[in-house]
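Worksheet: the structure to be examined is printed underneath.
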Amino acid sequence: MKVTVFGSGYVGLVTGVCLAEVGNDVICVDVDQNKIDNLVKGVIPIYEPGLDAMVKENQAAGRLHFTTDAKQAVEHGTFQFIAVGTPPDEDGSADLKYVLTVAETIASYMDDYKVVINKSTVPVGTADKVKAIINQTLHARSSSTEFDVVSNPEFLKEGAAIDDFMKPDRIIVGTDNPRTTELLKALYAPFNRSHERIVSMDIRSAELTKYAANAMLATKISFMNELSNLAELLGADIEKVRNGIGSDSRIGYSFIYPGCGYGGSCFPKDVKALERTAKQVGYNAELLSAVENVNDRQKQVLINKIIKHYSGNIEGKTFALWGLAFKPKTDDMREAPSRVILEALIAAGAKVQAFDPEAMEEAARIYANTEGLMLVGSMDETLENADALVVVTEWKNFWSPDFDMLKTKLNDSVIFDGRNLYQPDVLHKKGITYYAIGRGQTSDSKEA
Ligand SMILES: NC(=O)c1ccc[n+]([C@@H]2O[C@H](COP(=O)([O-])OP(=O)(O)OC[C@H]3O[C@@H](n4cnc5c(N)ncnc54)[C@H](O)[C@@H]3O)[C@@H](O)[C@H]2O)c1
């Protein structure tokens, strides 16, 4: 089948390459000339496990093409995916300008039937706006070319994006007519073999499903973070509590890790956007505001512990910081807790020596010439003349450091762990002061 994908970011690129992998003829189009030039040469703009090899294989097989030529791209595909960004607007609502621009572009060049598939995360009612723009643009061209608009939100996780796309838990297809449902079923058939994964519904419900999923996951995290703060005050250990409740199959173990806050390109903006959507229809979504507020507060928890440990003054201190990406296995630093933490440390007069296995380039781009921040090439290098270690992202590389070496390297022998990676009693025995999240009895109360 002939497929066009607008947007070659995390979602567009993965969508394009996975659809090519199963034999479709795919053109990915982006407005970023530099990105496309690199992709044509086989240089992948993001870190995503497995993506690099898959792009090259499918390019070599002639099934995957990259272009900035929107006209050629529109003419190519019967299926026109919209996978461009929907960043937060000033008031927190999703900014639809990129989505609507693509809709207009498609309508400007289409001369035969197209299925316009919205994969970007968009507020309820966006498909209607996309339809209206396409109709207007076609009308202005005196064209009566037929089209349908589908909502097909994406649920992939950065770091496991290829697997999530190739073996999805579900494929949500929101349509308003059976013809498009059948077309989407045919397109997704290779991903739908072992059991039925397609969940068909009306367009508005499909649009809301994506926000509901992200808001639910963000709620689980904020709930656990709320409890971790309480556990500390009560002298309980949140890790024991986590095991205690995760074993309940109604609750489960996923997304109940306490930490220094969630980040990324999705949860923060999607919770805000849903809250905003609610306001627009006169509903006060109190739980969503709380989820967001708890998360903002949680990004400060590690900073507060650091400041308290140093009795309010960290001026002149040097912190080793492990982890810049918002989570492991990605280089994405959008809304990452690391940014809040390192910026606060630097603002308070400290120096930060940071390392991340994949996000160094992204950090260099965001923090070019930032005084007080040194981006270094390894975990060990962060420790040179450092006073304390701050762990922000739970990359596997950070799980089992040589604590004896850490003790000798860190001037103040103290670790602030935003992801609860280590055993408090082990560090205590080694004479390292250890602060974690929500482990009052075993760490802070003894040490602080
Ligand atoms: N990143 C994720 O994990 C994830 C998961 C599920 C859903 N989503 C949603 O998918 C959408 C895309 O997210 P992303 O992370 O891939 O964004 P991204 O910022 O990585 O990529 C967006 C791309 O769209 C391109 N673009 C902008 N305007 C364009 C135009 N007119 N024509 C062609 N290309 C254009 C940009 O240059 C950029 O390369 C968002 O709505 C997001 O919420 C993201």
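In the structure tokens, the first chain shown is A, the next is B, and so on; residue numbers restart at 1 for each chain, and ligands run from 1 in the order shown.
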Quick one: everything within 12 Å of Ala132 of chain A, counting only C-alpha atoms, minus sequence neighbours fewer than 2 positions away in the same chain. Send it as an MDAnalysis selection string.
-> chainID A and resid 100 103:104 107 125:130 134:139 147:149
Go ahead and write the selection's residues with C-alpha atoms as a tab-separated table (two decimals), in the first residue's frame.
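Done, and the output landed in part23.tsv:
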chain	number	residue	atom	x	y	z
A	100	LEU	CA	-3.86	22.07	10.62
A	103	ALA	CA	-4.30	19.22	6.63
A	104	GLU	CA	-4.21	22.29	4.39
A	107	ALA	CA	-5.87	19.39	0.54
A	125	GLY	CA	-12.95	17.80	17.97
A	126	THR	CA	-9.69	18.11	16.01
A	127	ALA	CA	-10.84	15.69	13.28
A	128	ASP	CA	-13.75	18.05	12.64
A	129	LYS	CA	-11.29	20.95	12.27
A	130	VAL	CA	-9.10	18.89	9.92
A	134	ILE	CA	-9.60	20.17	3.87
A	135	ASN	CA	-13.12	21.00	2.64
A	136	GLN	CA	-12.36	24.74	2.52
A	137	THR	CA	-9.09	24.23	0.66
A	138	LEU	CA	-10.64	21.82	-1.83
A	139	HIS	CA	-13.54	24.23	-2.35
A	147	PHE	CA	-11.43	12.00	1.50
A	148	ASP	CA	-12.00	10.60	4.97
A	149	VAL	CA	-10.48	11.61	8.28
Just list as a compact mmCIF listing (two decimals) with N, CA, C and O atoms, in the first residue's frame whatever in segment 181-325 of chain A DSSP marks as helix (DSSP H, G or I).
# COMPACT_ATOMS: atom_id res chain seq x y z
N THR A 181 -12.84 2.18 8.17
CA THR A 181 -12.50 1.13 9.13
C THR A 181 -11.87 -0.04 8.37
O THR A 181 -10.84 -0.59 8.79
N GLU A 182 -12.46 -0.42 7.25
CA GLU A 182 -11.93 -1.55 6.45
C GLU A 182 -10.54 -1.23 5.91
O GLU A 182 -9.64 -2.08 5.93
N LEU A 183 -10.35 -0.01 5.42
CA LEU A 183 -9.03 0.37 4.89
C LEU A 183 -7.96 0.30 5.98
O LEU A 183 -6.85 -0.20 5.77
N LEU A 184 -8.29 0.81 7.15
CA LEU A 184 -7.33 0.78 8.27
C LEU A 184 -7.06 -0.65 8.73
O LEU A 184 -5.94 -1.01 9.08
N LYS A 185 -8.10 -1.48 8.70
CA LYS A 185 -7.92 -2.89 9.07
C LYS A 185 -6.94 -3.55 8.11
O LYS A 185 -6.07 -4.33 8.53
N ALA A 186 -7.07 -3.23 6.84
CA ALA A 186 -6.16 -3.82 5.84
C ALA A 186 -4.73 -3.33 6.07
O ALA A 186 -3.78 -4.12 6.05
N LEU A 187 -4.58 -2.04 6.33
CA LEU A 187 -3.24 -1.48 6.53
C LEU A 187 -2.57 -2.10 7.77
O LEU A 187 -1.37 -2.38 7.76
N TYR A 188 -3.36 -2.30 8.81
CA TYR A 188 -2.80 -2.80 10.07
C TYR A 188 -2.82 -4.33 10.19
O TYR A 188 -2.39 -4.87 11.21
N ALA A 189 -3.30 -5.02 9.16
CA ALA A 189 -3.41 -6.49 9.24
C ALA A 189 -2.10 -7.17 9.68
O ALA A 189 -2.12 -8.08 10.52
N PRO A 190 -0.92 -6.73 9.17
CA PRO A 190 0.32 -7.42 9.59
C PRO A 190 0.62 -7.27 11.08
O PRO A 190 1.41 -8.04 11.63
N PHE A 191 0.04 -6.28 11.73
CA PHE A 191 0.30 -6.06 13.16
C PHE A 191 -0.82 -6.66 14.01
O PHE A 191 -0.90 -6.42 15.20
N ILE A 203 -14.96 8.83 16.25
CA ILE A 203 -13.73 9.64 16.23
C ILE A 203 -13.49 10.35 17.56
O ILE A 203 -12.36 10.35 18.08
N ARG A 204 -14.51 10.92 18.15
CA ARG A 204 -14.31 11.67 19.39
C ARG A 204 -13.83 10.77 20.52
O ARG A 204 -12.96 11.16 21.32
N SER A 205 -14.39 9.57 20.59
CA SER A 205 -13.95 8.65 21.65
C SER A 205 -12.50 8.26 21.44
O SER A 205 -11.73 8.12 22.41
N ALA A 206 -12.11 8.08 20.17
CA ALA A 206 -10.71 7.73 19.88
C ALA A 206 -9.78 8.85 20.32
O ALA A 206 -8.73 8.62 20.94
N GLU A 207 -10.18 10.08 20.01
CA GLU A 207 -9.34 11.22 20.40
C GLU A 207 -9.19 11.28 21.92
O GLU A 207 -8.11 11.51 22.45
N LEU A 208 -10.29 11.02 22.62
CA LEU A 208 -10.24 11.10 24.09
C LEU A 208 -9.47 9.92 24.69
O LEU A 208 -8.84 10.05 25.74
N THR A 209 -9.51 8.77 24.01
CA THR A 209 -8.83 7.57 24.54
C THR A 209 -7.35 7.84 24.78
O THR A 209 -6.78 7.41 25.78
N LYS A 210 -6.72 8.54 23.86
CA LYS A 210 -5.28 8.81 24.01
C LYS A 210 -5.01 9.64 25.27
O LYS A 210 -4.11 9.35 26.05
N TYR A 211 -5.80 10.70 25.46
CA TYR A 211 -5.60 11.54 26.65
C TYR A 211 -5.92 10.75 27.92
O TYR A 211 -5.27 10.92 28.95
N ALA A 212 -6.95 9.92 27.83
CA ALA A 212 -7.34 9.14 29.01
C ALA A 212 -6.20 8.22 29.43
O ALA A 212 -5.88 8.09 30.62
N ALA A 213 -5.54 7.59 28.45
CA ALA A 213 -4.44 6.67 28.76
C ALA A 213 -3.29 7.41 29.43
O ALA A 213 -2.79 7.01 30.48
N ASN A 214 -2.88 8.52 28.83
CA ASN A 214 -1.74 9.25 29.40
C ASN A 214 -2.08 9.86 30.76
O ASN A 214 -1.25 9.87 31.67
N ALA A 215 -3.30 10.35 30.89
CA ALA A 215 -3.69 10.96 32.17
C ALA A 215 -3.73 9.89 33.26
O ALA A 215 -3.33 10.12 34.40
N MET A 216 -4.18 8.69 32.91
CA MET A 216 -4.23 7.60 33.89
C MET A 216 -2.82 7.23 34.36
O MET A 216 -2.55 7.07 35.56
N LEU A 217 -1.88 7.11 33.41
CA LEU A 217 -0.51 6.74 33.77
C LEU A 217 0.15 7.84 34.61
O LEU A 217 0.83 7.56 35.60
N ALA A 218 -0.08 9.09 34.22
CA ALA A 218 0.48 10.20 35.00
C ALA A 218 -0.12 10.22 36.40
O ALA A 218 0.57 10.51 37.38
N THR A 219 -1.39 9.88 36.50
CA THR A 219 -2.06 9.86 37.80
C THR A 219 -1.42 8.81 38.71
O THR A 219 -1.19 9.04 39.90
N LYS A 220 -1.12 7.63 38.13
CA LYS A 220 -0.49 6.57 38.93
C LYS A 220 0.84 7.08 39.50
O LYS A 220 1.15 6.86 40.66
N ILE A 221 1.62 7.74 38.65
CA ILE A 221 2.93 8.22 39.10
C ILE A 221 2.77 9.28 40.19
O ILE A 221 3.42 9.22 41.24
N SER A 222 1.91 10.25 39.93
CA SER A 222 1.74 11.32 40.93
C SER A 222 1.17 10.76 42.24
O SER A 222 1.54 11.21 43.32
N PHE A 223 0.30 9.79 42.14
CA PHE A 223 -0.24 9.16 43.36
C PHE A 223 0.90 8.58 44.19
O PHE A 223 0.99 8.78 45.40
N MET A 224 1.78 7.85 43.52
CA MET A 224 2.88 7.22 44.24
C MET A 224 3.83 8.26 44.81
O MET A 224 4.37 8.09 45.91
N ASN A 225 4.05 9.33 44.06
CA ASN A 225 4.93 10.38 44.56
C ASN A 225 4.32 11.08 45.77
O ASN A 225 5.02 11.39 46.73
N GLU A 226 3.03 11.28 45.71
CA GLU A 226 2.33 11.86 46.87
C GLU A 226 2.55 10.95 48.10
O GLU A 226 2.91 11.41 49.18
N LEU A 227 2.36 9.65 47.89
CA LEU A 227 2.52 8.72 49.01
C LEU A 227 3.97 8.64 49.49
O LEU A 227 4.23 8.40 50.66
N SER A 228 4.91 8.83 48.55
CA SER A 228 6.32 8.75 48.96
C SER A 228 6.65 9.89 49.92
O SER A 228 7.39 9.70 50.89
N ASN A 229 6.08 11.05 49.68
CA ASN A 229 6.32 12.18 50.58
C ASN A 229 5.71 11.91 51.95
O ASN A 229 6.28 12.23 52.98
N LEU A 230 4.55 11.31 51.90
CA LEU A 230 3.86 10.96 53.15
C LEU A 230 4.66 9.89 53.90
O LEU A 230 4.84 9.97 55.12
N ALA A 231 5.16 8.90 53.14
CA ALA A 231 5.93 7.81 53.77
C ALA A 231 7.12 8.38 54.53
O ALA A 231 7.43 7.95 55.65
N GLU A 232 7.76 9.35 53.92
CA GLU A 232 8.93 9.96 54.56
C GLU A 232 8.55 10.58 55.89
O GLU A 232 9.23 10.42 56.90
N LEU A 233 7.45 11.31 55.87
CA LEU A 233 7.02 12.00 57.10
C LEU A 233 6.59 11.00 58.17
O LEU A 233 6.67 11.27 59.36
N LEU A 234 6.12 9.84 57.70
CA LEU A 234 5.60 8.84 58.65
C LEU A 234 6.65 7.81 59.04
O LEU A 234 6.37 6.89 59.80
N ILE A 238 8.65 3.69 51.15
CA ILE A 238 7.72 3.61 50.01
C ILE A 238 8.03 2.41 49.12
O ILE A 238 7.13 1.87 48.47
N GLU A 239 9.27 1.95 49.10
CA GLU A 239 9.59 0.79 48.25
C GLU A 239 8.90 -0.47 48.79
O GLU A 239 8.47 -1.32 48.02
N LYS A 240 8.79 -0.56 50.11
CA LYS A 240 8.07 -1.70 50.69
C LYS A 240 6.59 -1.56 50.38
O LYS A 240 5.91 -2.53 50.05
N VAL A 241 6.10 -0.34 50.47
CA VAL A 241 4.68 -0.08 50.18
C VAL A 241 4.39 -0.41 48.72
O VAL A 241 3.37 -1.02 48.38
N ARG A 242 5.33 -0.03 47.84
CA ARG A 242 5.16 -0.29 46.40
C ARG A 242 5.00 -1.79 46.15
O ARG A 242 4.08 -2.23 45.44
N ASN A 243 5.87 -2.57 46.77
CA ASN A 243 5.75 -4.02 46.61
C ASN A 243 4.45 -4.53 47.19
O ASN A 243 3.81 -5.42 46.63
N GLY A 244 4.08 -3.94 48.29
CA GLY A 244 2.85 -4.37 48.97
C GLY A 244 1.61 -4.11 48.14
O GLY A 244 0.70 -4.95 48.10
N ILE A 245 1.57 -3.00 47.43
CA ILE A 245 0.34 -2.73 46.66
C ILE A 245 0.44 -3.27 45.23
O ILE A 245 -0.55 -3.67 44.65
N GLY A 246 1.66 -3.32 44.68
CA GLY A 246 1.81 -3.81 43.30
C GLY A 246 1.38 -5.26 43.16
O GLY A 246 0.91 -5.69 42.10
N PHE A 267 3.30 13.14 28.81
CA PHE A 267 2.47 13.26 30.03
C PHE A 267 2.23 14.71 30.44
O PHE A 267 1.09 15.11 30.64
N PRO A 268 3.30 15.52 30.60
CA PRO A 268 3.03 16.88 31.08
C PRO A 268 2.09 17.66 30.17
O PRO A 268 1.12 18.26 30.63
N LYS A 269 2.35 17.58 28.86
CA LYS A 269 1.52 18.40 27.96
C LYS A 269 0.11 17.80 27.81
O LYS A 269 -0.86 18.55 27.69
N ASP A 270 0.00 16.49 27.85
CA ASP A 270 -1.32 15.88 27.64
C ASP A 270 -2.23 16.07 28.86
O ASP A 270 -3.44 16.28 28.70
N VAL A 271 -1.65 16.00 30.05
CA VAL A 271 -2.47 16.24 31.25
C VAL A 271 -2.98 17.69 31.22
O VAL A 271 -4.17 17.95 31.45
N LYS A 272 -2.07 18.62 30.88
CA LYS A 272 -2.46 20.04 30.81
C LYS A 272 -3.55 20.24 29.75
O LYS A 272 -4.52 20.94 29.96
N ALA A 273 -3.33 19.63 28.58
CA ALA A 273 -4.27 19.84 27.47
C ALA A 273 -5.65 19.28 27.81
O ALA A 273 -6.68 19.89 27.48
N LEU A 274 -5.69 18.14 28.51
CA LEU A 274 -6.99 17.55 28.86
C LEU A 274 -7.71 18.43 29.88
O LEU A 274 -8.93 18.64 29.79
N GLU A 275 -6.92 18.94 30.82
CA GLU A 275 -7.48 19.85 31.82
C GLU A 275 -8.09 21.08 31.12
O GLU A 275 -9.16 21.55 31.46
N ARG A 276 -7.38 21.56 30.12
CA ARG A 276 -7.80 22.73 29.35
C ARG A 276 -9.08 22.41 28.55
O ARG A 276 -10.01 23.19 28.49
N THR A 277 -9.09 21.22 27.94
CA THR A 277 -10.29 20.79 27.20
C THR A 277 -11.49 20.77 28.14
O THR A 277 -12.58 21.23 27.78
N ALA A 278 -11.26 20.25 29.35
CA ALA A 278 -12.36 20.18 30.33
C ALA A 278 -12.89 21.58 30.62
O ALA A 278 -14.10 21.82 30.61
N LYS A 279 -11.96 22.51 30.85
CA LYS A 279 -12.36 23.91 31.15
C LYS A 279 -13.22 24.48 30.03
O LYS A 279 -14.20 25.16 30.26
N GLN A 280 -12.79 24.17 28.78
CA GLN A 280 -13.51 24.73 27.63
C GLN A 280 -14.97 24.28 27.58
O GLN A 280 -15.81 24.96 27.01
N GLU A 286 -10.57 18.48 38.57
CA GLU A 286 -9.75 18.69 39.78
C GLU A 286 -8.63 17.68 39.90
O GLU A 286 -7.52 18.00 40.31
N LEU A 287 -8.92 16.43 39.56
CA LEU A 287 -7.90 15.39 39.70
C LEU A 287 -6.71 15.67 38.78
O LEU A 287 -5.56 15.53 39.18
N LEU A 288 -7.02 16.13 37.56
CA LEU A 288 -5.93 16.40 36.60
C LEU A 288 -5.04 17.54 37.09
O LEU A 288 -3.81 17.48 36.98
N SER A 289 -5.66 18.60 37.66
CA SER A 289 -4.84 19.70 38.19
C SER A 289 -3.93 19.18 39.30
O SER A 289 -2.76 19.55 39.39
N ALA A 290 -4.49 18.31 40.14
CA ALA A 290 -3.70 17.79 41.27
C ALA A 290 -2.53 16.94 40.76
O ALA A 290 -1.41 17.03 41.26
N VAL A 291 -2.79 16.13 39.73
CA VAL A 291 -1.73 15.28 39.16
C VAL A 291 -0.57 16.15 38.68
O VAL A 291 0.61 15.87 38.95
N GLU A 292 -0.92 17.24 38.01
CA GLU A 292 0.10 18.14 37.50
C GLU A 292 0.83 18.87 38.62
O GLU A 292 2.07 18.95 38.63
N ASN A 293 0.08 19.36 39.60
CA ASN A 293 0.71 20.09 40.71
C ASN A 293 1.64 19.19 41.51
O ASN A 293 2.74 19.59 41.89
N VAL A 294 1.19 17.97 41.75
CA VAL A 294 2.03 17.03 42.51
C VAL A 294 3.33 16.77 41.74
O VAL A 294 4.41 16.73 42.31
N ASN A 295 3.21 16.67 40.42
CA ASN A 295 4.42 16.41 39.62
C ASN A 295 5.38 17.60 39.64
O ASN A 295 6.59 17.42 39.78
N ASP A 296 4.82 18.80 39.53
CA ASP A 296 5.69 19.99 39.58
C ASP A 296 6.42 20.04 40.92
O ASP A 296 7.61 20.32 40.99
N ARG A 297 5.70 19.75 41.97
CA ARG A 297 6.29 19.77 43.31
C ARG A 297 7.35 18.68 43.44
O ARG A 297 8.40 18.87 44.04
N GLN A 298 7.07 17.53 42.81
CA GLN A 298 7.99 16.39 42.95
C GLN A 298 9.34 16.67 42.29
O GLN A 298 10.37 16.18 42.74
N VAL A 301 11.68 17.94 44.85
CA VAL A 301 11.97 17.18 46.07
C VAL A 301 13.46 16.93 46.26
O VAL A 301 14.01 17.13 47.35
N LEU A 302 14.13 16.55 45.18
CA LEU A 302 15.56 16.27 45.29
C LEU A 302 16.34 17.55 45.60
O LEU A 302 17.27 17.55 46.40
N ILE A 303 15.92 18.64 44.96
CA ILE A 303 16.60 19.93 45.21
C ILE A 303 16.46 20.29 46.68
O ILE A 303 17.43 20.68 47.33
N ASN A 304 15.25 20.13 47.21
CA ASN A 304 15.03 20.47 48.63
C ASN A 304 15.92 19.63 49.54
O ASN A 304 16.46 20.12 50.51
N LYS A 305 16.07 18.36 49.20
CA LYS A 305 16.91 17.48 50.03
C LYS A 305 18.37 17.96 49.98
O LYS A 305 19.08 17.95 50.99
N ILE A 306 18.79 18.35 48.77
CA ILE A 306 20.19 18.80 48.61
C ILE A 306 20.43 20.07 49.43
O ILE A 306 21.38 20.18 50.20
N ILE A 307 19.52 21.02 49.26
CA ILE A 307 19.67 22.31 49.95
C ILE A 307 19.66 22.09 51.47
O ILE A 307 20.46 22.66 52.20
N LYS A 308 18.77 21.22 51.91
CA LYS A 308 18.66 20.96 53.35
C LYS A 308 19.94 20.31 53.88
O LYS A 308 20.45 20.67 54.93
N HIS A 309 20.44 19.36 53.09
CA HIS A 309 21.67 18.67 53.53
C HIS A 309 22.81 19.67 53.72
O HIS A 309 23.62 19.54 54.65
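When only C-alpha atoms are used to measure the gap to Thr393 of chain A, the shortest distance among A:Asn411, A:Thr101, A:Thr370, A:Ser338 belongs to A:Ser338.
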Apply DSSP to the structure's backbone, then extract all residues of segment 148-267 of chain A labelled strand (DSSP E) and return them as JSON, numbers by chain.
-> {"A": [148, 149, 150, 151, 171, 172, 173, 174, 198, 199, 200, 201]}
Quick one: residues within 10 Å of Pro168 of chain A, only C-alpha atoms counted, chain neighbours fewer than 4 positions away excluded, as a PyMOL selection string?
-> chain A and resi 154-156+161-164+191-192+197-198
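Atom pair atom CA of Val99 of chain A / atom 25 (C, counted along the ligand's line) of ligand 1 has a distance of 9.5 Å (rounded to one decimal).
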Closest pair table for chain A residues within 9 Å of ligand 1, only C-alpha atoms and all ligand atoms, as JSON lines:
{"residue": "A:Val5", "atom": "CA", "partner": "ligand 1", "partner_atom_place_in_ligand_line": "33 (C)", "distance": 8.1}
{"residue": "A:Phe6", "atom": "CA", "partner": "ligand 1", "partner_atom_place_in_ligand_line": "33 (C)", "distance": 4.5}
{"residue": "A:Gly7", "atom": "CA", "partner": "ligand 1", "partner_atom_place_in_ligand_line": "24 (O)", "distance": 3.5}
{"residue": "A:Ser8", "atom": "CA", "partner": "ligand 1", "partner_atom_place_in_ligand_line": "39 (O)", "distance": 4.6}
{"residue": "A:Gly9", "atom": "CA", "partner": "ligand 1", "partner_atom_place_in_ligand_line": "21 (O)", "distance": 3.2}
{"residue": "A:Tyr10", "atom": "CA", "partner": "ligand 1", "partner_atom_place_in_ligand_line": "16 (O)", "distance": 3.7}
{"residue": "A:Val11", "atom": "CA", "partner": "ligand 1", "partner_atom_place_in_ligand_line": "16 (O)", "distance": 3.8}
{"residue": "A:Gly12", "atom": "CA", "partner": "ligand 1", "partner_atom_place_in_ligand_line": "16 (O)", "distance": 5.6}
{"residue": "A:Leu13", "atom": "CA", "partner": "ligand 1", "partner_atom_place_in_ligand_line": "16 (O)", "distance": 7.5}
{"residue": "A:Val14", "atom": "CA", "partner": "ligand 1", "partner_atom_place_in_ligand_line": "16 (O)", "distance": 8.5}
{"residue": "A:Cys28", "atom": "CA", "partner": "ligand 1", "partner_atom_place_in_ligand_line": "33 (C)", "distance": 8.4}
{"residue": "A:Val29", "atom": "CA", "partner": "ligand 1", "partner_atom_place_in_ligand_line": "33 (C)", "distance": 5.4}
{"residue": "A:Asp30", "atom": "CA", "partner": "ligand 1", "partner_atom_place_in_ligand_line": "34 (N)", "distance": 3.5}
{"residue": "A:Val31", "atom": "CA", "partner": "ligand 1", "partner_atom_place_in_ligand_line": "33 (C)", "distance": 4.7}
{"residue": "A:Asp32", "atom": "CA", "partner": "ligand 1", "partner_atom_place_in_ligand_line": "37 (O)", "distance": 4.8}
{"residue": "A:Gln33", "atom": "CA", "partner": "ligand 1", "partner_atom_place_in_ligand_line": "37 (O)", "distance": 8.5}
{"residue": "A:Lys35", "atom": "CA", "partner": "ligand 1", "partner_atom_place_in_ligand_line": "39 (O)", "distance": 7.2}
{"residue": "A:Ile36", "atom": "CA", "partner": "ligand 1", "partner_atom_place_in_ligand_line": "39 (O)", "distance": 8.8}
{"residue": "A:Ile46", "atom": "CA", "partner": "ligand 1", "partner_atom_place_in_ligand_line": "20 (O)", "distance": 8.3}
{"residue": "A:Thr68", "atom": "CA", "partner": "ligand 1", "partner_atom_place_in_ligand_line": "33 (C)", "distance": 7.5}
{"residue": "A:Ala70", "atom": "CA", "partner": "ligand 1", "partner_atom_place_in_ligand_line": "32 (N)", "distance": 7.4}
{"residue": "A:Ile82", "atom": "CA", "partner": "ligand 1", "partner_atom_place_in_ligand_line": "33 (C)", "distance": 8.1}
{"residue": "A:Ala83", "atom": "CA", "partner": "ligand 1", "partner_atom_place_in_ligand_line": "12 (C)", "distance": 5.0}
{"residue": "A:Val84", "atom": "CA", "partner": "ligand 1", "partner_atom_place_in_ligand_line": "24 (O)", "distance": 3.7}
{"residue": "A:Gly85", "atom": "CA", "partner": "ligand 1", "partner_atom_place_in_ligand_line": "12 (C)", "distance": 4.1}
{"residue": "A:Thr86", "atom": "CA", "partner": "ligand 1", "partner_atom_place_in_ligand_line": "41 (O)", "distance": 4.3}
{"residue": "A:Pro87", "atom": "CA", "partner": "ligand 1", "partner_atom_place_in_ligand_line": "41 (O)", "distance": 7.2}
{"residue": "A:Ala94", "atom": "CA", "partner": "ligand 1", "partner_atom_place_in_ligand_line": "41 (O)", "distance": 8.5}
{"residue": "A:Leu96", "atom": "CA", "partner": "ligand 1", "partner_atom_place_in_ligand_line": "41 (O)", "distance": 9.0}
{"residue": "A:Lys97", "atom": "CA", "partner": "ligand 1", "partner_atom_place_in_ligand_line": "28 (N)", "distance": 8.3}
{"residue": "A:Tyr98", "atom": "CA", "partner": "ligand 1", "partner_atom_place_in_ligand_line": "28 (N)", "distance": 4.8}
{"residue": "A:Val99", "atom": "CA", "partner": "ligand 1", "partner_atom_place_in_ligand_line": "31 (N)", "distance": 7.1}
{"residue": "A:Leu100", "atom": "CA", "partner": "ligand 1", "partner_atom_place_in_ligand_line": "31 (N)", "distance": 8.3}
{"residue": "A:Thr101", "atom": "CA", "partner": "ligand 1", "partner_atom_place_in_ligand_line": "31 (N)", "distance": 5.5}
{"residue": "A:Val102", "atom": "CA", "partner": "ligand 1", "partner_atom_place_in_ligand_line": "31 (N)", "distance": 4.8}
{"residue": "A:Ala103", "atom": "CA", "partner": "ligand 1", "partner_atom_place_in_ligand_line": "31 (N)", "distance": 8.6}
{"residue": "A:Thr105", "atom": "CA", "partner": "ligand 1", "partner_atom_place_in_ligand_line": "31 (N)", "distance": 7.6}
{"residue": "A:Lys119", "atom": "CA", "partner": "ligand 1", "partner_atom_place_in_ligand_line": "10 (O)", "distance": 6.2}
{"residue": "A:Ser120", "atom": "CA", "partner": "ligand 1", "partner_atom_place_in_ligand_line": "41 (O)", "distance": 3.5}
{"residue": "A:Thr121", "atom": "CA", "partner": "ligand 1", "partner_atom_place_in_ligand_line": "41 (O)", "distance": 3.9}
{"residue": "A:Val122", "atom": "CA", "partner": "ligand 1", "partner_atom_place_in_ligand_line": "41 (O)", "distance": 6.3}
{"residue": "A:Pro153", "atom": "CA", "partner": "ligand 1", "partner_atom_place_in_ligand_line": "7 (C)", "distance": 6.7}
{"residue": "A:Glu154", "atom": "CA", "partner": "ligand 1", "partner_atom_place_in_ligand_line": "6 (C)", "distance": 4.6}
{"residue": "A:Phe155", "atom": "CA", "partner": "ligand 1", "partner_atom_place_in_ligand_line": "6 (C)", "distance": 4.9}
{"residue": "A:Leu156", "atom": "CA", "partner": "ligand 1", "partner_atom_place_in_ligand_line": "5 (C)", "distance": 5.2}
{"residue": "A:Lys157", "atom": "CA", "partner": "ligand 1", "partner_atom_place_in_ligand_line": "3 (O)", "distance": 5.1}
{"residue": "A:Glu158", "atom": "CA", "partner": "ligand 1", "partner_atom_place_in_ligand_line": "3 (O)", "distance": 4.8}
{"residue": "A:Gly159", "atom": "CA", "partner": "ligand 1", "partner_atom_place_in_ligand_line": "3 (O)", "distance": 8.6}
{"residue": "A:Ala161", "atom": "CA", "partner": "ligand 1", "partner_atom_place_in_ligand_line": "3 (O)", "distance": 7.7}
{"residue": "A:Lys210", "atom": "CA", "partner": "ligand 1", "partner_atom_place_in_ligand_line": "7 (C)", "distance": 8.2}
{"residue": "A:Gly264", "atom": "CA", "partner": "ligand 1", "partner_atom_place_in_ligand_line": "3 (O)", "distance": 7.7}
{"residue": "A:Ser265", "atom": "CA", "partner": "ligand 1", "partner_atom_place_in_ligand_line": "1 (N)", "distance": 5.8}
{"residue": "A:Cys266", "atom": "CA", "partner": "ligand 1", "partner_atom_place_in_ligand_line": "43 (O)", "distance": 5.3}
{"residue": "A:Phe267", "atom": "CA", "partner": "ligand 1", "partner_atom_place_in_ligand_line": "43 (O)", "distance": 8.6}
{"residue": "A:Lys269", "atom": "CA", "partner": "ligand 1", "partner_atom_place_in_ligand_line": "43 (O)", "distance": 7.8}
{"residue": "A:Asp270", "atom": "CA", "partner": "ligand 1", "partner_atom_place_in_ligand_line": "43 (O)", "distance": 7.2}
{"residue": "A:Asp332", "atom": "CA", "partner": "ligand 1", "partner_atom_place_in_ligand_line": "1 (N)", "distance": 8.5}
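Those residues that approach segment 348-359 of chain A to within 6 Å, counting only C-alpha atoms, are Ile314, Glu315, Gly316, Lys317, Thr318, Phe319, Ala320, Leu321, Trp322, Gly323, Leu324, Ala325, Asp331, Leu345, Glu362, Gly372, Leu373, Met374, Leu375, Val376, Ser378, Met379 and Thr382 of chain A; same-chain residues fewer than 3 positions away are not listed.
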Might you pull out every residue within 8 Å of Asp417 of chain A, with only C-alpha atoms counted and same-chain residues fewer than 4 positions away left off, and present them as number ranges by chain?
-> A: 302, 390-392, 421-422, 434-437
